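Peer 1: Please see the structure below; I have some questions.
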Amino acid sequence: MRLRKAASIFGNAEQRLIVSGKLPATEAEYFRSVAEVLALDEGLPDAATDALKAAQKVFASVALGGETGELRRALNTVRHILLTETGKTQADWDFFANSGILDPSKRQPFPGMQVYLDDIRSPFNVGSMFRAADSFGVEKIWLSPLCADPRHKRAERSAMGCVDVLPWERLSRDPFSNDETQPPHAPVEFTRGPFFALETGGTTLADFPFPAQGILIAGSEELGVSPRALAASDASLGRVSIPTRGVKGSLNVSVAFGIVMQAWAARFGKLQFSA
């Protein structure tokens, strides 16, 4: 219980530092003494002991009135050592972000580069894919009706603010359904495609002819791209696949998505420039 409380104290200090950029000298001295006591624990791994000793020096410098750019790292390091000692498993959404409010006007998307998330179930994966999409210049993200909510706290945490700056829209029904008795399932902007799927059994990443504009479809973590979306892709631009050499032979969907987006962005930039 004491370790968890100490971790919380270090965490609160780190958050305050992110906001104010300062740490009182008296508080820095307290953290120095805590790090010193922790470093005496013979049960800690050598790497943790070394990190605690380094943190002591940082806290001592601040306590003596010095300025250091390593202060947040020292607070963060001690906090995670304490959490590890409590046995708590740490997830990406437990981390502290200091990206602040992102400015949409600074985005430089590629016109026509769009993505369709086809029943991605994990909020963490959705957030990670938003972050990768923003990084590589995606113009807009479309969501299937059953895709995880980008506003879920875990999605927003892994997206690091990108949900607020990258345009996105959830479709109310399956856009690839061929049920003619139903009203149109998607805006014309979406239905005109062209489409290509991130899926196994396709053209390898190095050889795939990425388009100057199009919609990349990334599918469910468990089932991959849905049959109807896959059929639409096969009838359009086809499938892009990432060669692997491991025993598992597959990647987490957000990792695979990031790899393909980087390759498309690299090709997309050349296509835009030549045009």
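Order determines the names: the first chain of the structure tokens is A, the second B, and so forth; residues in each chain are numbered 1 upward, and ligands are numbered 1 upward as they are shown.
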What are the DSSP strand (DSSP E or B) residues of stretch 62-161 of chain A, as a list of chain:residue names?

Peer 2: A:Met113, A:Gln114, A:Val115, A:Tyr116, A:Leu117, A:Asp118, A:Lys140, A:Ile141, A:Trp142, A:Leu143

Peer 1: Find the residues near stretch 221-230 of chain A: any atom within 9 Å, counting only C-alpha atoms, skip ones fewer than 6 places away on the same chain, and give them as JSON, numbers by chain.

Peer 2: {"A": [118, 119, 120, 121, 122, 125, 175, 176, 177, 178, 195, 196, 197, 198, 199, 200, 238, 239, 252, 253]}

Peer 1: Can I get the selected residues back with N, CA and C atoms, as a short mmCIF file (atom, residue, chain, number, x, y, z; two decimals), in the first residue's frame?

Peer 2:
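What follows is the written file out_2.cif:
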```
data_model
loop_
_atom_site.label_atom_id
_atom_site.label_comp_id
_atom_site.auth_asym_id
_atom_site.auth_seq_id
_atom_site.Cartn_x
_atom_site.Cartn_y
_atom_site.Cartn_z
N ASP A 118 -12.67 -1.31 -40.54
CA ASP A 118 -13.73 -2.29 -40.70
C ASP A 118 -13.85 -3.18 -39.46
N ASP A 119 -14.70 -2.77 -38.53
CA ASP A 119 -14.95 -3.53 -37.29
C ASP A 119 -13.70 -3.74 -36.45
N ILE A 120 -12.87 -2.72 -36.31
CA ILE A 120 -11.77 -2.78 -35.36
C ILE A 120 -12.39 -2.71 -33.96
N ARG A 121 -12.17 -3.73 -33.16
CA ARG A 121 -12.91 -3.85 -31.88
C ARG A 121 -12.21 -3.19 -30.70
N SER A 122 -10.90 -3.11 -30.72
CA SER A 122 -10.15 -2.60 -29.58
C SER A 122 -10.04 -1.07 -29.62
N ASN A 125 -6.48 -0.06 -30.25
CA ASN A 125 -6.07 -0.15 -31.65
C ASN A 125 -6.63 1.01 -32.47
N PRO A 175 -21.40 -0.29 -45.60
CA PRO A 175 -21.37 0.40 -46.90
C PRO A 175 -21.19 -0.53 -48.08
N PHE A 176 -20.82 -1.80 -47.81
CA PHE A 176 -20.59 -2.74 -48.90
C PHE A 176 -21.74 -3.73 -49.07
N SER A 177 -22.83 -3.52 -48.34
CA SER A 177 -23.99 -4.39 -48.48
C SER A 177 -24.63 -4.19 -49.85
N ASN A 178 -25.09 -5.27 -50.45
CA ASN A 178 -25.75 -5.17 -51.76
C ASN A 178 -27.27 -5.25 -51.66
N PHE A 195 -10.86 1.21 -53.68
CA PHE A 195 -10.56 0.53 -52.43
C PHE A 195 -9.40 -0.45 -52.57
N PHE A 196 -8.65 -0.60 -51.49
CA PHE A 196 -7.70 -1.70 -51.40
C PHE A 196 -7.60 -2.12 -49.94
N ALA A 197 -7.35 -3.41 -49.70
CA ALA A 197 -7.42 -3.98 -48.36
C ALA A 197 -6.04 -4.38 -47.84
N LEU A 198 -5.85 -4.15 -46.56
CA LEU A 198 -4.68 -4.67 -45.85
C LEU A 198 -5.03 -6.07 -45.40
N GLU A 199 -4.53 -7.06 -46.12
CA GLU A 199 -4.95 -8.44 -45.88
C GLU A 199 -3.90 -9.40 -46.41
N THR A 200 -3.90 -10.60 -45.89
CA THR A 200 -2.96 -11.62 -46.37
C THR A 200 -3.35 -12.08 -47.77
N GLY A 238 -7.32 -4.26 -55.17
CA GLY A 238 -6.73 -5.49 -54.68
C GLY A 238 -6.32 -5.44 -53.21
N ARG A 239 -5.34 -6.26 -52.86
CA ARG A 239 -4.90 -6.41 -51.47
C ARG A 239 -3.40 -6.11 -51.38
N ASN A 252 -0.02 -7.28 -35.07
CA ASN A 252 -1.14 -6.53 -34.53
C ASN A 252 -1.65 -5.58 -35.60
N VAL A 253 -2.96 -5.41 -35.69
CA VAL A 253 -3.54 -4.64 -36.78
C VAL A 253 -3.06 -3.19 -36.80
#
```

Peer 1: Expressed in Å to a single decimal, how great is the separation between atom CA of A:Arg154 and atom CA of A:Gly127?

Peer 2: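 So the two atoms, atom CA of A:Arg154 and atom CA of A:Gly127, lie 7.3 Å apart.
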
Peer 1: Pick from A:Ala25, A:Met261, A:Leu171, A:Ala186: nearest to A:Leu146, with only C-alpha atoms counted?

Peer 2: A:Leu171

Peer 1: For a quick check of understanding, using only C-alpha atoms, which of A:Ile81, A:Leu251, A:Ile259, A:Leu237 has the smallest distance to A:Pro209?

Peer 2: A:Leu237

Peer 1: Report, in Å to a single decimal, how far apart atom CA of A:Leu23 and atom CA of A:Lys5 are.

Peer 2: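 Spanning atom CA of A:Lys5 to atom CA of A:Leu23 is a straight-line distance of 19.0 Å.
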
Peer 1: Set the distance at 9 Å and use only C-alpha atoms: which residues neighbour A:Leu75 once local chain neighbours fewer than 6 positions away are removed? I'd like the list as a list in words.

Peer 2: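 Listing them by chain and then by number gives Phe10, Gly11, Ala13, Glu14, Phe31, Ala55 and Phe59 of chain A.
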
Peer 1: Between atom CA of A:Ile9 and atom CA of A:Ala47, measure the distance and give it in Å to one decimal.

Peer 2: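 Atom CA of A:Ile9 sits 22.3 Å away from atom CA of A:Ala47.
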
Peer 1: Of the residues A:Phe110, A:Phe208, A:Phe130, A:Trp142, which is the one nearest to A:Lys270, using only C-alpha atoms?

Peer 2: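 Looking only at the distances to A:Lys270, the closest residue turns out to be A:Phe110.
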
Peer 1: Give me every helix (DSSP H, G or I) residue in stretch 77-166 of chain A, going by DSSP on the backbone, as a ChimeraX atom specification.

Peer 2: /A:77-86,92-94,104-106,123-135,153-159,162-165

Peer 1: Given the choices A:Ala132, A:Leu143, A:Ala256, A:Val78, which gets closest to A:Ala54 if the distance is worked out from only C-alpha atoms?

Peer 2: A:Val78

Peer 1: Give me the residues within 12 Å of A:Glu189 as a list of chain:residue names, counting only C-alpha atoms and dropping any in the same chain fewer than 3 places off.

Peer 2: A:Gly112, A:Met113, A:Gln114, A:Lys140, A:Ile141, A:Trp142, A:Glu169, A:Pro175, A:His185, A:Ala186, A:Arg192, A:Gly193, A:Pro194, A:Gln213, A:Gly214, A:Ile215

Peer 1: For the residues selected in the previous step, produce a file with C-alpha atoms as a short mmCIF file (atom, residue, chain, number, x, y, z; two decimals), in the first residue's frame.

Peer 2:
```
data_model
loop_
_atom_site.label_atom_id
_atom_site.label_comp_id
_atom_site.auth_asym_id
_atom_site.auth_seq_id
_atom_site.Cartn_x
_atom_site.Cartn_y
_atom_site.Cartn_z
CA GLY A 112 -7.54 11.65 -51.42
CA MET A 113 -5.71 9.50 -48.84
CA GLN A 114 -8.49 7.92 -46.79
CA LYS A 140 -10.17 11.28 -43.43
CA ILE A 141 -11.05 8.11 -41.51
CA TRP A 142 -14.31 6.24 -42.05
CA GLU A 169 -17.16 9.77 -39.78
CA PRO A 175 -21.37 0.40 -46.90
CA HIS A 185 -25.22 3.24 -47.03
CA ALA A 186 -22.46 5.79 -47.49
CA ARG A 192 -16.47 6.11 -55.35
CA GLY A 193 -13.37 4.55 -53.72
CA PRO A 194 -11.19 3.14 -55.14
CA GLN A 213 -6.09 8.54 -54.12
CA GLY A 214 -8.05 5.75 -52.55
CA ILE A 215 -9.43 4.17 -49.39
#
```

Peer 1: Need the shell around A:Ala206: protein/DNA/RNA residues with any atom at most 10 Å away, counting only C-alpha atoms. Skip same-chain ones fewer than 6 positions apart. Format as a PDB file with N, CA and C atoms, in the first residue's frame?

Peer 2:
```
ATOM      1  N   VAL A 240      -3.019  -5.500 -50.275  1.00  0.00           N
ATOM      2  CA  VAL A 240      -1.605  -5.297 -49.986  1.00  0.00           C
ATOM      3  C   VAL A 240      -1.257  -6.135 -48.763  1.00  0.00           C
ATOM      4  N   SER A 241      -0.135  -6.834 -48.819  1.00  0.00           N
ATOM      5  CA  SER A 241       0.279  -7.716 -47.727  1.00  0.00           C
ATOM      6  C   SER A 241       1.700  -7.403 -47.289  1.00  0.00           C
ATOM      7  N   ILE A 242       1.972  -7.635 -46.009  1.00  0.00           N
ATOM      8  CA  ILE A 242       3.298  -7.404 -45.438  1.00  0.00           C
ATOM      9  C   ILE A 242       4.003  -8.750 -45.277  1.00  0.00           C
ATOM     10  N   PRO A 243       5.098  -8.971 -45.974  1.00  0.00           N
ATOM     11  CA  PRO A 243       5.821 -10.245 -45.814  1.00  0.00           C
ATOM     12  C   PRO A 243       6.372 -10.367 -44.388  1.00  0.00           C
ATOM     13  N   VAL A 260       1.993  -0.070 -43.383  1.00  0.00           N
ATOM     14  CA  VAL A 260       1.423   0.176 -44.711  1.00  0.00           C
ATOM     15  C   VAL A 260       1.227   1.672 -44.952  1.00  0.00           C
ATOM     16  N   ALA A 263       4.440   3.278 -46.003  1.00  0.00           N
ATOM     17  CA  ALA A 263       4.780   2.941 -47.387  1.00  0.00           C
ATOM     18  C   ALA A 263       3.906   3.724 -48.363  1.00  0.00           C
TER      19      ALA A 263
END
```

Peer 1: Of the candidates A:Pro145, A:Met129, A:Asp164, A:Thr86, which one gets nearest to A:Arg107 if we count only C-alpha atoms?

Peer 2: A:Asp164

Peer 1: For A:Ala60, which of A:Val34, A:Phe124, A:Thr204, A:Thr84 is the closest residue, counting only C-alpha atoms?

Peer 2: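 The closest residue to A:Ala60 is A:Val34.
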